[in-house]
Structure formats: C-alpha cells, structure tokens
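K.L.:
Provided herewith is a single structure, encoded as structure tokens, for subsequent inquiry.
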Amino acid sequence: MNTSTKYLLLNQMSILDSLTESEKQRLAELSVYKNLTKDDYIYKTNQKISHVFLVEKGAVFVGRKTSFNKPIIKDIIYDNSIFGENVFTKQEFRTDYAQVLKPSKVFCIPLAYFEHLFKSNRQFAFEMTSLMIERLKHIESRIQNFVFLKAKERIGSFLKETAGKKGIKIGIDEILINLGLSHKELAYITDTSRQTVARVLGEFKKSNIIHFSDRKPGKILIRDLNALSFG
C-alpha cells in the first residue's frame with residue numbers, strides 16, 4: 001500500500017486526532033500496513049519489542065501462557081485501537097503474544113517513532129497514558145472477577161462488557177454482538193471450560209436473556225442486558 005493511501009486511512013482514525021498533519025504523514029511513511037487472517041500471530045512471546053500496533057479494522061487478542069501452558073486472553077482489541085503500547089519499561093522482549101481473532105487490517109508502527117510522538121506531542125502522550133491506565137484497571141477488574149465471581153457471572157459480565165464496546169442496538173432494547181469467538185476461546189477469556197461456556201450460554205438462551213442460532217453461535221442477540229449483571 002502506498003503512503004498516500006495509508007495517510008488517508010490514518011487520518012480517519014479518531015484515536016490519532018491529536019496528531020498533527022505532518023506527524024500523520026510521517027506515520028504513514030514509516031508504518032507497515034498488513035492484511036491478516038484469523039490465527040495469524042502479530043507478535044509472539046519472547047519476541048524483541050520493535051513495533052506498536054494499530055488496528056484499523058478487525059479484532060486481535062492479547063494473551064499469555066500460564067506455567068501450566070494454559071492460554072489466558074488478557075484483552076481483545078477492536079477497530080481504531082492501539083495495542084502493544086506499554087513499551088516504556090526496561091523489558092526488551094514481549095512477555096505476551098498477540099493473535100488475530102478475525103480477519104484484520106493492522107498498522108505496524110516502529111517503536112522509535114511511537115516514542116518520538118510520545119515525547120513531542122503532549123496531548124498524544126496524555127491519551128496514551130490514559131489508555132495504559134484504563135487497560136491496567138481492566139486487567140485488575142478481570143483478576144477480581146476470577147477470584148470473586150462464579151463462572152456464569154464471569155461469562156455474563158464478558159457479554160455485557162462486549163455489548164458496551166461493540167454492540168449494535170437492534171430496536172429499542174436488544175443489542176447484537178458478534179463475538180467471533182469459539183466456545184474454547186471464550187473459555188480462555190473467562191477462565192472457565194468449553195463445556196461450561198456451552199452450558200451457560202444455553203441457560204441464558206433458555207431464559208430468553210440472549211438468543212443465537214446453532215449455525216452462528218458467535219452472533220448473539222442480547223435481549224435483556226440487565227439480566228447479565230450479577231451481584
């Protein structure tokens with residue numbers, strides 16, 4: 001993709017609104033634009049930190065492996081979002097990995113230029129710092145959910161959170177979400193099992209809290225958002 005086309009795409013992304021025209025132009029020159037398919041790795045554990053990433057369209061998950069080699073999905077990154085941004089540490093290598101959840105278009109931004117933007121543009125630095133803080137709070141909240149919430153509550157909480165991030169309002173009260181996740185992947189996110197995910201979603205469907213078809217279980221219509229709140 002040529003620089004002019006990359007610039008046009010970057011200019012449409014609200015997360016970059018605080019950048020100047022010249023900063024966006026330089027970003028377009030330096031970044032690499034990739035079309036990625038499901039399950040592609042963007043980076044792997046122990047890989048040298050060299051880039052920060054910007055999702056133009058799609059979904060990517062960031063995960064880690066436990067000491068028992070069990071995957072844990074830390075976060076899901078959607079359109080118009082930066083990830084891999086927490087690079088201001090003495091760590092030289094990644095401690096997590098990033099993998100494509102559904103076909104995605106991603107900008108790979110050289111770390112050196114991201115650091116330059118952070119140092120030279122105060123508003124951008126403030127926004128990125130706020131983003132890092134929010135992500136840390138989100139991880140802390142998920143840890144608390146693992147400790148204090150039962151499996152059904154964790155799954156309900158995740159559905160509600162996804163509705164807030166990516167839900168499409170249907171009619172007056174219903175919200176459609178496209179998880180793009182298998183039951184196994186949803187189990188990794190909620191620290192449950194695939195069988196538990198299938199059972200809980202079935203219970204929600206039977207209670208008319210959600211609806212989904214057997215052919216497309218990843219597309220879920222939430223009929224009663226409040227019923228997914230527990231406690």
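Following the order of the structure tokens, first chain is A, next is B, and so on, with residues numbered from 1 inside each chain and ligands from 1 in the order they appear.
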Going by DSSP on the backbone, which residues of region 40-204 of chain A come out as helix (DSSP H, G or I)? List them as a ChimeraX atom specification.
P.N.:
/A:111-120,122-148,151-166,183-190,194-204
K.L.:
Output C-alpha atoms for every residue in the selection just made, as a PDB file, in the first residue's frame.
P.N.:
```pdb
ATOM      1  CA  LEU A 111       8.785   1.734  18.237  1.00  0.00           C
ATOM      2  CA  ALA A 112      11.258   4.596  17.766  1.00  0.00           C
ATOM      3  CA  TYR A 113       8.649   6.784  16.055  1.00  0.00           C
ATOM      4  CA  PHE A 114       5.976   5.954  18.621  1.00  0.00           C
ATOM      5  CA  GLU A 115       8.391   7.022  21.345  1.00  0.00           C
ATOM      6  CA  HIS A 116       9.106  10.225  19.408  1.00  0.00           C
ATOM      7  CA  LEU A 117       5.370  11.023  19.230  1.00  0.00           C
ATOM      8  CA  PHE A 118       5.011  10.314  22.915  1.00  0.00           C
ATOM      9  CA  LYS A 119       7.826  12.716  23.791  1.00  0.00           C
ATOM     10  CA  SER A 120       6.985  15.506  21.337  1.00  0.00           C
ATOM     11  CA  ARG A 122       1.851  16.222  24.945  1.00  0.00           C
ATOM     12  CA  GLN A 123      -1.797  15.557  24.113  1.00  0.00           C
ATOM     13  CA  PHE A 124      -0.969  12.266  22.411  1.00  0.00           C
ATOM     14  CA  ALA A 125       1.201  11.288  25.396  1.00  0.00           C
ATOM     15  CA  PHE A 126      -1.670  12.073  27.765  1.00  0.00           C
ATOM     16  CA  GLU A 127      -4.109   9.977  25.712  1.00  0.00           C
ATOM     17  CA  MET A 128      -1.731   7.017  25.504  1.00  0.00           C
ATOM     18  CA  THR A 129      -1.002   7.194  29.230  1.00  0.00           C
ATOM     19  CA  SER A 130      -4.753   7.237  29.939  1.00  0.00           C
ATOM     20  CA  LEU A 131      -5.150   4.219  27.656  1.00  0.00           C
ATOM     21  CA  MET A 132      -2.475   2.283  29.546  1.00  0.00           C
ATOM     22  CA  ILE A 133      -4.079   3.135  32.884  1.00  0.00           C
ATOM     23  CA  GLU A 134      -7.507   2.009  31.668  1.00  0.00           C
ATOM     24  CA  ARG A 135      -6.054  -1.276  30.420  1.00  0.00           C
ATOM     25  CA  LEU A 136      -4.362  -1.887  33.782  1.00  0.00           C
ATOM     26  CA  LYS A 137      -7.679  -1.199  35.542  1.00  0.00           C
ATOM     27  CA  HIS A 138      -9.404  -3.591  33.163  1.00  0.00           C
ATOM     28  CA  ILE A 139      -6.881  -6.350  33.917  1.00  0.00           C
ATOM     29  CA  GLU A 140      -7.271  -5.729  37.658  1.00  0.00           C
ATOM     30  CA  SER A 141     -11.053  -5.958  37.295  1.00  0.00           C
ATOM     31  CA  ARG A 142     -10.761  -9.241  35.419  1.00  0.00           C
ATOM     32  CA  ILE A 143      -8.498 -10.658  38.128  1.00  0.00           C
ATOM     33  CA  GLN A 144     -11.096  -9.715  40.743  1.00  0.00           C
ATOM     34  CA  ASN A 145     -13.772 -11.400  38.624  1.00  0.00           C
ATOM     35  CA  PHE A 146     -11.695 -14.593  38.507  1.00  0.00           C
ATOM     36  CA  VAL A 147     -11.468 -14.562  42.308  1.00  0.00           C
ATOM     37  CA  PHE A 148     -14.938 -13.418  43.341  1.00  0.00           C
ATOM     38  CA  ALA A 151     -18.317 -18.988  36.049  1.00  0.00           C
ATOM     39  CA  LYS A 152     -21.836 -17.959  34.995  1.00  0.00           C
ATOM     40  CA  GLU A 153     -21.265 -14.436  36.319  1.00  0.00           C
ATOM     41  CA  ARG A 154     -17.925 -14.109  34.519  1.00  0.00           C
ATOM     42  CA  ILE A 155     -19.464 -15.149  31.202  1.00  0.00           C
ATOM     43  CA  GLY A 156     -22.415 -12.781  31.705  1.00  0.00           C
ATOM     44  CA  SER A 157     -20.060  -9.961  32.640  1.00  0.00           C
ATOM     45  CA  PHE A 158     -17.987 -10.508  29.495  1.00  0.00           C
ATOM     46  CA  LEU A 159     -21.077 -10.469  27.258  1.00  0.00           C
ATOM     47  CA  LYS A 160     -22.223  -7.232  28.857  1.00  0.00           C
ATOM     48  CA  GLU A 161     -18.766  -5.674  28.509  1.00  0.00           C
ATOM     49  CA  THR A 162     -18.613  -6.652  24.828  1.00  0.00           C
ATOM     50  CA  ALA A 163     -22.070  -5.182  24.252  1.00  0.00           C
ATOM     51  CA  GLY A 164     -20.794  -1.896  25.639  1.00  0.00           C
ATOM     52  CA  LYS A 165     -17.738  -1.930  23.374  1.00  0.00           C
ATOM     53  CA  LYS A 166     -19.035  -3.413  20.127  1.00  0.00           C
ATOM     54  CA  HIS A 183     -16.568 -21.641  22.970  1.00  0.00           C
ATOM     55  CA  LYS A 184     -12.984 -22.684  23.651  1.00  0.00           C
ATOM     56  CA  GLU A 185     -11.705 -19.120  23.147  1.00  0.00           C
ATOM     57  CA  LEU A 186     -14.484 -17.692  25.303  1.00  0.00           C
ATOM     58  CA  ALA A 187     -13.491 -20.178  27.990  1.00  0.00           C
ATOM     59  CA  TYR A 188      -9.912 -18.838  27.886  1.00  0.00           C
ATOM     60  CA  ILE A 189     -11.178 -15.293  28.389  1.00  0.00           C
ATOM     61  CA  THR A 190     -13.498 -16.150  31.283  1.00  0.00           C
ATOM     62  CA  ARG A 194     -15.643 -25.036  26.883  1.00  0.00           C
ATOM     63  CA  GLN A 195     -18.369 -27.225  28.357  1.00  0.00           C
ATOM     64  CA  THR A 196     -19.231 -24.570  30.954  1.00  0.00           C
ATOM     65  CA  VAL A 197     -19.458 -21.877  28.276  1.00  0.00           C
ATOM     66  CA  ALA A 198     -21.835 -24.008  26.196  1.00  0.00           C
ATOM     67  CA  ARG A 199     -23.983 -24.782  29.246  1.00  0.00           C
ATOM     68  CA  VAL A 200     -24.194 -21.182  30.481  1.00  0.00           C
ATOM     69  CA  LEU A 201     -24.999 -19.752  27.046  1.00  0.00           C
ATOM     70  CA  GLY A 202     -27.690 -22.414  26.724  1.00  0.00           C
ATOM     71  CA  GLU A 203     -29.150 -21.358  30.089  1.00  0.00           C
ATOM     72  CA  PHE A 204     -29.135 -17.687  29.060  1.00  0.00           C
TER      73      PHE A 204
END
```
K.L.:
From the DSSP assignment of the backbone, select every residue of region 11-216 of chain A that is strand (DSSP E or B), and format the answer as a PyMOL selection string.
P.N.:
chain A and resi 32-36+41-43+48+51-65+71-77+81-83+93+97-110+168-170+174-178+210-211
K.L.:
Out of A:Ile73, A:Ile82, A:Val106, A:Gln12, which residue has the shortest atom-to-atom distance to Leu181 (chain A) when counting only C-alpha atoms?
P.N.:
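Distance minimum relative to Leu181 (chain A) lands on A:Ile73.
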K.L.:
Which of these, A:Asp173, A:Glu56, A:Asp224, A:Glu29, has the shortest distance to Asn80 (chain A) once you count only C-alpha atoms?
P.N.:
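The closest residue to Asn80 (chain A) is A:Glu56.
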K.L.:
Using only C-alpha atoms, find the one residue out of A:Thr66, A:Ile15, A:Leu10, A:Ser213 that sits nearest to Ala28 (chain A).
P.N.:
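Selected residue with least distance to Ala28 (chain A): A:Leu10.
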K.L.:
Give me the residues within 12 Å of Lys216 (chain A) as number ranges by chain, counting only C-alpha atoms and dropping any in the same chain fewer than 6 places off.
P.N.:
A: 177-183
K.L.:
Would you kindly return, as a PyMOL selection string, each protein, DNA or RNA residue with an atom no farther than 12 Å from any atom of Asn2 (chain A), considering only C-alpha atoms and excluding same-chain residues fewer than 3 positions away?
P.N.:
chain A and resi 5-9+25+28-33
